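See below for model_13.cif, which holds mmCIF, N, CA and C atoms.
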```cif
data_entry
#
loop_
_atom_site.label_atom_id
_atom_site.label_comp_id
_atom_site.auth_asym_id
_atom_site.auth_seq_id
_atom_site.Cartn_x
_atom_site.Cartn_y
_atom_site.Cartn_z
N MET I 1 58.93 -37.83 42.06
CA MET I 1 58.41 -37.04 40.98
C MET I 1 59.46 -36.84 39.88
N GLU I 2 60.70 -36.68 40.30
CA GLU I 2 61.79 -36.48 39.35
C GLU I 2 61.95 -37.71 38.44
N PHE I 3 61.74 -38.88 39.00
CA PHE I 3 61.84 -40.11 38.23
C PHE I 3 60.83 -40.11 37.09
N PHE I 4 59.59 -39.72 37.37
CA PHE I 4 58.55 -39.69 36.34
C PHE I 4 58.82 -38.62 35.29
N ASP I 5 59.41 -37.50 35.70
CA ASP I 5 59.76 -36.45 34.75
C ASP I 5 60.82 -36.96 33.77
N LYS I 6 61.84 -37.65 34.32
CA LYS I 6 62.90 -38.21 33.48
C LYS I 6 62.34 -39.28 32.55
N LEU I 7 61.47 -40.12 33.08
CA LEU I 7 60.85 -41.18 32.29
C LEU I 7 60.01 -40.58 31.17
N SER I 8 59.26 -39.56 31.48
CA SER I 8 58.43 -38.90 30.48
C SER I 8 59.28 -38.25 29.40
N LYS I 9 60.35 -37.60 29.80
CA LYS I 9 61.25 -36.95 28.86
C LYS I 9 61.90 -37.99 27.93
N LYS I 10 62.35 -39.10 28.52
CA LYS I 10 62.98 -40.16 27.74
C LYS I 10 61.98 -40.78 26.75
N ALA I 11 60.75 -41.00 27.22
CA ALA I 11 59.72 -41.56 26.35
C ALA I 11 59.42 -40.61 25.20
N SER I 12 59.39 -39.33 25.46
CA SER I 12 59.14 -38.33 24.43
C SER I 12 60.27 -38.31 23.40
N GLU I 13 61.51 -38.37 23.87
CA GLU I 13 62.66 -38.40 22.97
C GLU I 13 62.64 -39.66 22.10
N THR I 14 62.33 -40.78 22.70
CA THR I 14 62.26 -42.05 21.97
C THR I 14 61.17 -41.99 20.92
N TYR I 15 60.03 -41.41 21.26
CA TYR I 15 58.93 -41.26 20.32
C TYR I 15 59.36 -40.40 19.13
N GLN I 16 60.04 -39.30 19.39
CA GLN I 16 60.48 -38.40 18.31
C GLN I 16 61.46 -39.11 17.37
N ILE I 17 62.38 -39.87 17.95
CA ILE I 17 63.35 -40.61 17.14
C ILE I 17 62.64 -41.65 16.27
N ALA I 18 61.71 -42.38 16.87
CA ALA I 18 60.96 -43.41 16.14
C ALA I 18 60.12 -42.76 15.03
N LYS I 19 59.53 -41.63 15.34
CA LYS I 19 58.70 -40.91 14.36
C LYS I 19 59.56 -40.48 13.17
N GLU I 20 60.75 -39.94 13.45
CA GLU I 20 61.65 -39.48 12.39
C GLU I 20 62.11 -40.64 11.52
N LYS I 21 62.46 -41.76 12.17
CA LYS I 21 62.91 -42.94 11.42
C LYS I 21 61.78 -43.49 10.55
N THR I 22 60.57 -43.51 11.08
CA THR I 22 59.43 -44.00 10.33
C THR I 22 59.14 -43.10 9.13
N THR I 23 59.22 -41.80 9.34
CA THR I 23 59.00 -40.85 8.25
C THR I 23 60.05 -41.03 7.16
N ASN I 24 61.32 -41.16 7.56
CA ASN I 24 62.40 -41.37 6.59
C ASN I 24 62.22 -42.68 5.83
N LEU I 25 61.83 -43.73 6.54
CA LEU I 25 61.61 -45.02 5.90
C LEU I 25 60.48 -44.94 4.89
N SER I 26 59.41 -44.26 5.27
CA SER I 26 58.27 -44.09 4.37
C SER I 26 58.68 -43.32 3.11
N GLU I 27 59.43 -42.25 3.29
CA GLU I 27 59.89 -41.45 2.16
C GLU I 27 60.85 -42.26 1.28
N GLU I 28 61.69 -43.05 1.91
CA GLU I 28 62.62 -43.91 1.17
C GLU I 28 61.86 -44.92 0.31
N LEU I 29 60.82 -45.51 0.87
CA LEU I 29 60.02 -46.48 0.11
C LEU I 29 59.30 -45.82 -1.07
N LYS I 30 58.81 -44.60 -0.86
CA LYS I 30 58.15 -43.87 -1.95
C LYS I 30 59.14 -43.60 -3.09
N LEU I 31 60.35 -43.16 -2.75
CA LEU I 31 61.35 -42.87 -3.77
C LEU I 31 61.74 -44.14 -4.53
N LYS I 32 61.94 -45.24 -3.80
CA LYS I 32 62.30 -46.50 -4.44
C LYS I 32 61.17 -46.99 -5.35
N SER I 33 59.94 -46.79 -4.93
CA SER I 33 58.79 -47.18 -5.75
C SER I 33 58.74 -46.38 -7.04
N LYS I 34 59.00 -45.08 -6.95
CA LYS I 34 59.00 -44.23 -8.16
C LYS I 34 60.13 -44.65 -9.10
N ILE I 35 61.29 -44.96 -8.54
CA ILE I 35 62.43 -45.39 -9.36
C ILE I 35 62.08 -46.70 -10.08
N ASN I 36 61.51 -47.65 -9.35
CA ASN I 36 61.12 -48.93 -9.95
C ASN I 36 60.08 -48.75 -11.05
N SER I 37 59.14 -47.85 -10.82
CA SER I 37 58.11 -47.58 -11.82
C SER I 37 58.73 -47.03 -13.11
N LEU I 38 59.67 -46.11 -12.96
CA LEU I 38 60.34 -45.56 -14.15
C LEU I 38 61.18 -46.61 -14.86
N GLU I 39 61.81 -47.50 -14.10
CA GLU I 39 62.59 -48.58 -14.72
C GLU I 39 61.67 -49.51 -15.52
N GLU I 40 60.50 -49.82 -14.97
CA GLU I 40 59.54 -50.66 -15.68
C GLU I 40 59.07 -49.98 -16.97
N LYS I 41 58.82 -48.67 -16.90
CA LYS I 41 58.42 -47.93 -18.10
C LYS I 41 59.51 -48.01 -19.17
N ASN I 42 60.76 -47.89 -18.74
CA ASN I 42 61.85 -47.97 -19.71
C ASN I 42 61.93 -49.35 -20.35
N TYR I 43 61.73 -50.41 -19.58
CA TYR I 43 61.73 -51.76 -20.16
C TYR I 43 60.61 -51.92 -21.18
N GLN I 44 59.44 -51.33 -20.88
CA GLN I 44 58.33 -51.38 -21.82
C GLN I 44 58.67 -50.63 -23.11
N ILE I 45 59.31 -49.48 -22.96
CA ILE I 45 59.70 -48.69 -24.12
C ILE I 45 60.73 -49.44 -24.95
N PHE I 46 61.70 -50.07 -24.28
CA PHE I 46 62.70 -50.87 -25.00
C PHE I 46 62.02 -52.00 -25.78
N ALA I 47 61.03 -52.62 -25.18
CA ALA I 47 60.30 -53.70 -25.86
C ALA I 47 59.55 -53.14 -27.07
N GLU I 48 58.95 -51.96 -26.92
CA GLU I 48 58.25 -51.34 -28.05
C GLU I 48 59.21 -51.02 -29.18
N ILE I 49 60.39 -50.51 -28.84
CA ILE I 49 61.40 -50.21 -29.87
C ILE I 49 61.78 -51.49 -30.60
N GLY I 50 62.05 -52.53 -29.85
CA GLY I 50 62.42 -53.81 -30.46
C GLY I 50 61.33 -54.36 -31.35
N GLU I 51 60.09 -54.27 -30.88
CA GLU I 51 58.97 -54.78 -31.66
C GLU I 51 58.79 -53.98 -32.96
N THR I 52 58.94 -52.66 -32.85
CA THR I 52 58.82 -51.81 -34.04
C THR I 52 59.90 -52.13 -35.06
N VAL I 53 61.14 -52.25 -34.59
CA VAL I 53 62.25 -52.56 -35.49
C VAL I 53 62.03 -53.94 -36.13
N TYR I 54 61.63 -54.91 -35.33
CA TYR I 54 61.40 -56.26 -35.84
C TYR I 54 60.33 -56.26 -36.94
N LYS I 55 59.19 -55.62 -36.68
CA LYS I 55 58.10 -55.61 -37.67
C LYS I 55 58.52 -54.93 -38.97
N GLU I 56 59.19 -53.80 -38.84
CA GLU I 56 59.61 -53.06 -40.03
C GLU I 56 60.60 -53.88 -40.86
N LEU I 57 61.57 -54.50 -40.19
CA LEU I 57 62.56 -55.28 -40.91
C LEU I 57 61.95 -56.55 -41.50
N LYS I 58 61.01 -57.13 -40.80
CA LYS I 58 60.36 -58.34 -41.30
C LYS I 58 59.57 -58.04 -42.57
N GLU I 59 58.97 -56.85 -42.61
CA GLU I 59 58.21 -56.43 -43.78
C GLU I 59 59.13 -55.95 -44.91
N GLY I 60 60.43 -55.87 -44.62
CA GLY I 60 61.38 -55.45 -45.65
C GLY I 60 61.46 -53.93 -45.81
N ARG I 61 60.97 -53.20 -44.81
CA ARG I 61 60.99 -51.73 -44.89
C ARG I 61 62.12 -51.20 -44.01
N ASP I 62 62.52 -49.99 -44.31
CA ASP I 62 63.48 -49.30 -43.46
C ASP I 62 62.77 -48.84 -42.19
N VAL I 63 63.48 -48.85 -41.11
CA VAL I 63 62.92 -48.43 -39.84
C VAL I 63 62.85 -46.91 -39.81
N GLU I 64 61.67 -46.40 -39.45
CA GLU I 64 61.51 -44.95 -39.37
C GLU I 64 62.24 -44.43 -38.13
N LYS I 65 63.26 -43.64 -38.40
CA LYS I 65 64.10 -43.13 -37.32
C LYS I 65 63.31 -42.24 -36.36
N ASP I 66 62.35 -41.48 -36.88
CA ASP I 66 61.57 -40.56 -36.04
C ASP I 66 60.79 -41.30 -34.96
N LEU I 67 60.22 -42.47 -35.32
CA LEU I 67 59.47 -43.26 -34.33
C LEU I 67 60.39 -43.71 -33.19
N ILE I 68 61.58 -44.12 -33.55
CA ILE I 68 62.54 -44.61 -32.56
C ILE I 68 63.03 -43.45 -31.70
N LEU I 69 63.32 -42.30 -32.31
CA LEU I 69 63.85 -41.16 -31.56
C LEU I 69 62.87 -40.66 -30.50
N VAL I 70 61.59 -40.73 -30.78
CA VAL I 70 60.58 -40.34 -29.78
C VAL I 70 60.69 -41.24 -28.56
N LYS I 71 60.84 -42.52 -28.80
CA LYS I 71 60.98 -43.49 -27.70
C LYS I 71 62.30 -43.28 -26.95
N VAL I 72 63.37 -42.97 -27.68
CA VAL I 72 64.67 -42.72 -27.05
C VAL I 72 64.57 -41.50 -26.13
N ASP I 73 63.86 -40.48 -26.58
CA ASP I 73 63.68 -39.28 -25.75
C ASP I 73 62.92 -39.61 -24.46
N GLU I 74 61.92 -40.49 -24.56
CA GLU I 74 61.17 -40.90 -23.38
C GLU I 74 62.08 -41.62 -22.38
N VAL I 75 62.90 -42.52 -22.89
CA VAL I 75 63.82 -43.26 -22.02
C VAL I 75 64.80 -42.30 -21.35
N THR I 76 65.32 -41.35 -22.10
CA THR I 76 66.27 -40.39 -21.56
C THR I 76 65.62 -39.55 -20.46
N ALA I 77 64.40 -39.10 -20.68
CA ALA I 77 63.68 -38.32 -19.67
C ALA I 77 63.47 -39.15 -18.41
N ASN I 78 63.10 -40.42 -18.57
CA ASN I 78 62.91 -41.30 -17.42
C ASN I 78 64.23 -41.52 -16.66
N GLN I 79 65.32 -41.68 -17.40
CA GLN I 79 66.61 -41.89 -16.75
C GLN I 79 67.04 -40.64 -15.97
N ASN I 80 66.80 -39.48 -16.53
CA ASN I 80 67.13 -38.24 -15.83
C ASN I 80 66.32 -38.11 -14.53
N GLU I 81 65.06 -38.45 -14.61
CA GLU I 81 64.20 -38.40 -13.41
C GLU I 81 64.67 -39.41 -12.37
N MET I 82 65.08 -40.60 -12.82
CA MET I 82 65.58 -41.61 -11.89
C MET I 82 66.84 -41.12 -11.18
N GLU I 83 67.72 -40.44 -11.89
CA GLU I 83 68.94 -39.91 -11.28
C GLU I 83 68.60 -38.89 -10.19
N LYS I 84 67.64 -38.03 -10.45
CA LYS I 84 67.21 -37.06 -9.44
C LYS I 84 66.66 -37.77 -8.22
N LEU I 85 65.84 -38.79 -8.44
CA LEU I 85 65.25 -39.53 -7.33
C LEU I 85 66.33 -40.27 -6.53
N LYS I 86 67.32 -40.81 -7.23
CA LYS I 86 68.40 -41.51 -6.54
C LYS I 86 69.22 -40.55 -5.68
N LEU I 87 69.43 -39.33 -6.16
CA LEU I 87 70.14 -38.33 -5.37
C LEU I 87 69.35 -37.97 -4.11
N LYS I 88 68.03 -37.83 -4.26
CA LYS I 88 67.18 -37.55 -3.10
C LYS I 88 67.23 -38.71 -2.10
N LEU I 89 67.25 -39.92 -2.62
CA LEU I 89 67.31 -41.11 -1.77
C LEU I 89 68.63 -41.15 -1.00
N MET I 90 69.72 -40.83 -1.67
CA MET I 90 71.03 -40.82 -1.00
C MET I 90 71.06 -39.75 0.09
N GLU I 91 70.48 -38.60 -0.20
CA GLU I 91 70.44 -37.51 0.78
C GLU I 91 69.62 -37.94 1.99
N LEU I 92 68.52 -38.60 1.75
CA LEU I 92 67.66 -39.07 2.83
C LEU I 92 68.36 -40.11 3.69
N LYS I 93 69.14 -40.98 3.06
CA LYS I 93 69.86 -42.03 3.77
C LYS I 93 71.18 -41.54 4.36
N GLN I 94 71.53 -40.28 4.10
CA GLN I 94 72.77 -39.69 4.62
C GLN I 94 74.00 -40.45 4.11
N VAL I 95 74.02 -40.74 2.80
CA VAL I 95 75.15 -41.44 2.20
C VAL I 95 75.61 -40.70 0.95
N LYS I 96 76.79 -41.10 0.44
CA LYS I 96 77.32 -40.59 -0.81
C LYS I 96 77.94 -41.74 -1.58
N LYS I 97 78.28 -41.50 -2.83
CA LYS I 97 78.92 -42.53 -3.66
C LYS I 97 80.42 -42.27 -3.74
N CYS I 98 81.19 -43.33 -3.77
CA CYS I 98 82.64 -43.24 -3.93
C CYS I 98 82.94 -42.64 -5.30
N VAL I 99 83.90 -41.71 -5.33
CA VAL I 99 84.27 -41.06 -6.59
C VAL I 99 84.97 -42.02 -7.55
N ASN I 100 85.47 -43.14 -7.04
CA ASN I 100 86.19 -44.08 -7.88
C ASN I 100 85.33 -45.28 -8.30
N CYS I 101 84.77 -45.98 -7.33
CA CYS I 101 84.07 -47.23 -7.65
C CYS I 101 82.55 -47.14 -7.55
N GLY I 102 82.03 -46.04 -6.99
CA GLY I 102 80.59 -45.87 -6.91
C GLY I 102 79.93 -46.55 -5.72
N ALA I 103 80.72 -47.13 -4.81
CA ALA I 103 80.16 -47.78 -3.63
C ALA I 103 79.48 -46.75 -2.73
N GLU I 104 78.46 -47.19 -2.03
CA GLU I 104 77.73 -46.31 -1.11
C GLU I 104 78.53 -46.17 0.19
N LEU I 105 78.77 -44.92 0.59
CA LEU I 105 79.55 -44.62 1.79
C LEU I 105 78.80 -43.67 2.70
N GLU I 106 79.21 -43.64 3.97
CA GLU I 106 78.66 -42.63 4.88
C GLU I 106 79.06 -41.26 4.36
N LYS I 107 78.21 -40.27 4.61
CA LYS I 107 78.44 -38.94 4.08
C LYS I 107 79.77 -38.34 4.52
N ASN I 108 80.22 -38.66 5.72
CA ASN I 108 81.44 -38.06 6.24
C ASN I 108 82.68 -38.95 6.06
N ALA I 109 82.57 -40.01 5.27
CA ALA I 109 83.70 -40.93 5.06
C ALA I 109 84.82 -40.23 4.30
N SER I 110 86.06 -40.42 4.77
CA SER I 110 87.22 -39.82 4.11
C SER I 110 87.81 -40.75 3.06
N PHE I 111 87.60 -42.07 3.25
CA PHE I 111 88.12 -43.07 2.33
C PHE I 111 87.02 -44.09 2.04
N CYS I 112 87.06 -44.67 0.85
CA CYS I 112 86.10 -45.69 0.47
C CYS I 112 86.45 -47.00 1.18
N SER I 113 85.45 -47.61 1.79
CA SER I 113 85.67 -48.88 2.49
C SER I 113 85.83 -50.05 1.52
N LYS I 114 85.47 -49.83 0.25
CA LYS I 114 85.58 -50.90 -0.74
C LYS I 114 86.90 -50.85 -1.51
N CYS I 115 87.26 -49.65 -2.03
CA CYS I 115 88.47 -49.55 -2.86
C CYS I 115 89.58 -48.74 -2.23
N GLY I 116 89.30 -48.04 -1.12
CA GLY I 116 90.33 -47.29 -0.40
C GLY I 116 90.63 -45.90 -0.95
N THR I 117 89.90 -45.47 -1.97
CA THR I 117 90.16 -44.16 -2.57
C THR I 117 89.77 -43.04 -1.61
N ALA I 118 90.64 -42.01 -1.53
CA ALA I 118 90.34 -40.84 -0.71
C ALA I 118 89.14 -40.11 -1.31
N GLN I 119 88.25 -39.66 -0.44
CA GLN I 119 87.04 -38.98 -0.87
C GLN I 119 87.19 -37.47 -0.64
N PRO I 120 86.64 -36.66 -1.54
CA PRO I 120 86.71 -35.21 -1.31
C PRO I 120 85.90 -34.82 -0.09
N ALA I 121 86.36 -33.79 0.60
CA ALA I 121 85.66 -33.33 1.79
C ALA I 121 84.33 -32.71 1.39
N GLN I 122 83.33 -32.93 2.23
CA GLN I 122 82.02 -32.33 2.00
C GLN I 122 82.08 -30.86 2.39
N GLU I 123 81.69 -30.00 1.47
CA GLU I 123 81.68 -28.58 1.78
C GLU I 123 80.31 -28.20 2.30
N LYS I 124 80.31 -27.43 3.37
CA LYS I 124 79.05 -26.93 3.90
C LYS I 124 78.73 -25.63 3.19
N VAL I 125 77.54 -25.55 2.67
CA VAL I 125 77.10 -24.34 1.99
C VAL I 125 76.16 -23.61 2.92
N GLU I 126 76.51 -22.38 3.20
CA GLU I 126 75.70 -21.58 4.12
C GLU I 126 75.08 -20.44 3.32
N VAL I 127 73.78 -20.35 3.39
CA VAL I 127 73.07 -19.29 2.68
C VAL I 127 72.73 -18.20 3.67
N LYS I 128 73.24 -17.01 3.37
CA LYS I 128 72.97 -15.87 4.25
C LYS I 128 71.92 -14.99 3.59
N PRO I 129 70.85 -14.69 4.31
CA PRO I 129 69.82 -13.84 3.72
C PRO I 129 70.35 -12.41 3.57
N GLU I 130 69.93 -11.75 2.50
CA GLU I 130 70.34 -10.37 2.30
C GLU I 130 69.53 -9.48 3.22
N PRO I 131 70.16 -8.42 3.74
CA PRO I 131 69.40 -7.52 4.61
C PRO I 131 68.28 -6.85 3.82
N SER I 132 67.12 -6.81 4.42
CA SER I 132 65.97 -6.26 3.71
C SER I 132 65.93 -4.75 3.76
N SER I 133 66.71 -4.14 4.63
CA SER I 133 66.66 -2.69 4.76
C SER I 133 67.81 -2.00 4.03
N ALA I 134 68.47 -2.70 3.12
CA ALA I 134 69.57 -2.10 2.38
C ALA I 134 69.03 -1.03 1.45
N LYS I 135 69.67 0.15 1.45
CA LYS I 135 69.25 1.26 0.62
C LYS I 135 70.43 1.74 -0.20
N GLU I 136 70.13 2.28 -1.37
CA GLU I 136 71.17 2.87 -2.17
C GLU I 136 71.51 4.23 -1.59
N THR I 137 72.80 4.55 -1.61
CA THR I 137 73.22 5.87 -1.13
C THR I 137 74.13 6.50 -2.17
N GLU I 138 74.17 7.80 -2.13
CA GLU I 138 75.01 8.54 -3.06
C GLU I 138 76.32 8.85 -2.36
N VAL I 139 77.41 8.60 -3.04
CA VAL I 139 78.72 8.89 -2.48
C VAL I 139 79.15 10.26 -2.99
N ILE I 140 79.50 11.11 -2.05
CA ILE I 140 79.92 12.47 -2.39
C ILE I 140 81.42 12.57 -2.18
N ASP I 141 82.09 13.20 -3.10
CA ASP I 141 83.53 13.39 -3.00
C ASP I 141 83.81 14.40 -1.90
N VAL I 142 84.57 14.00 -0.90
CA VAL I 142 84.83 14.87 0.25
C VAL I 142 86.27 15.37 0.28
N ASN I 143 86.97 15.25 -0.80
CA ASN I 143 88.33 15.77 -0.86
C ASN I 143 88.30 17.30 -0.78
N ASN I 144 89.30 17.85 -0.21
CA ASN I 144 89.48 19.30 -0.11
C ASN I 144 88.40 19.99 0.72
N VAL I 145 87.82 19.34 1.67
CA VAL I 145 86.81 19.95 2.53
C VAL I 145 87.46 21.03 3.39
N GLU I 146 88.64 20.77 3.91
CA GLU I 146 89.31 21.74 4.78
C GLU I 146 89.70 22.99 4.00
N ASP I 147 90.07 22.83 2.73
CA ASP I 147 90.45 23.99 1.92
C ASP I 147 89.29 24.95 1.76
N LYS I 148 88.09 24.43 1.63
CA LYS I 148 86.92 25.29 1.45
C LYS I 148 86.56 26.01 2.73
N LYS I 149 86.81 25.39 3.92
CA LYS I 149 86.50 26.01 5.20
C LYS I 149 87.41 27.20 5.44
N GLU I 150 88.66 27.10 5.01
CA GLU I 150 89.62 28.16 5.27
C GLU I 150 89.31 29.39 4.44
N GLU I 151 88.66 29.29 3.33
CA GLU I 151 88.38 30.41 2.46
C GLU I 151 87.41 31.32 3.01
#
```

Please lay out the structure from this file as structure tokens.
Amino acid sequence: MEFFDKLSKKASETYQIAKEKTTNLSEELKLKSKINSLEEKNYQIFAEIGETVYKELKEGRDVEKDLILVKVDEVTANQNEMEKLKLKLMELKQVKKCVNCGAELEKNASFCSKCGTAQPAQEKVEVKPEPSSAKETEVIDVNNVEDKKEE
């Protein structure tokens, strides 16, 4: 009976590990897909900017800066979103970037395996909940208490 209990426990542990890896892989693919989609949008915007500039210059007109700036703002917003997604992806993969060369490293790596640069230590941030029963109290000056008792 003990053999079957151990087998069952091991099978359950293996299932949980496989489930976690599958979930992480699925999330990783979703993030990569979103990043690729934003990159494609940026290429389309760059093409639109180029086409607008080309047409205006071909017609002998000055390029309207406002039209271009709207597109530049779109590209900037997409790039900011891609950076956020890339950070989420790195967190999911349990990796970090080298402070010197940008190579992908294990989160706990002390040195870069590509360029050898020392990496800053990861600080653990611990959030402590505030006590919910904290009350304001009035502080009373208790100096000279003994002097008043003697009177």

Per residue of stretch 67-130 of chain I within 6.5 Å of stretch 37-57 of chain I, which atom pair is closest and at what distance in Å (one decimal), using only N, CA and C atoms, listed by chain and increasing number, as a Markdown table?
```
| residue | atom | partner | partner_atom | distance |
| --- | --- | --- | --- | --- |
| I:Ile68 | CA | I:Ile49 | CA | 6.3 |
| I:Lys71 | CA | I:Ile45 | CA | 6.4 |
| I:Val75 | CA | I:Asn42 | CA | 5.6 |
| I:Asn78 | CA | I:Leu38 | CA | 6.0 |
```

Open item on the list: Please list as JSON, numbers by chain every residue within 6.5 Å of I:Leu31, counting all atoms listed in the file and excluding residues in the same chain fewer than 5 positions away.
Closed with: {"I": [26, 36, 85]}

- [ ] Identify, on the basis of all atoms listed in the file, every residue whose closest approach to I:Lys96 does not exceed 8 Å; exclude the query and any residue fewer than 3 positions from it along the same chain; express the result as a list in words.
- [x]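 Once the nearby chain positions are removed, what remains is Met90, Glu91, Lys93, Val99, Gly102, Ala103, Glu104, Leu105, Glu106, Lys107, Asn108 and Ala109 of chain I.
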
Task: DSSP strand (DSSP E) selection over chain I, as a VMD selection string - done: chain I and resid 95 to 97 104 to 106

Task: Atomic distance atom CA of I:Lys88 - atom CA of I:Ser33, expressed in Å with one decimal - done: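 Computed distance, atom CA of I:Lys88 to atom CA of I:Ser33, equals 13.0 Å.
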
Task: Distance query I:Gly116 at most 10 Å, only C-alpha atoms, self and fewer than 5 positions along chain excluded, as a PyMOL selection string - done: chain I and resi 98+100-101+110-111

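Across the model, the gap from atom CA of I:Glu81 to atom C of I:Leu69 is 17.3 Å.
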
Task: All helix (DSSP H, G or I) positions in stretch 6-124 of chain I, as number ranges by chain - done: I: 6-58, 65-93

Open item on the list: Quick check, in Å to one decimal: how far apart do atom CA of I:Leu89 and atom CA of I:Glu20 lie?
Closed with: 15.3 Å
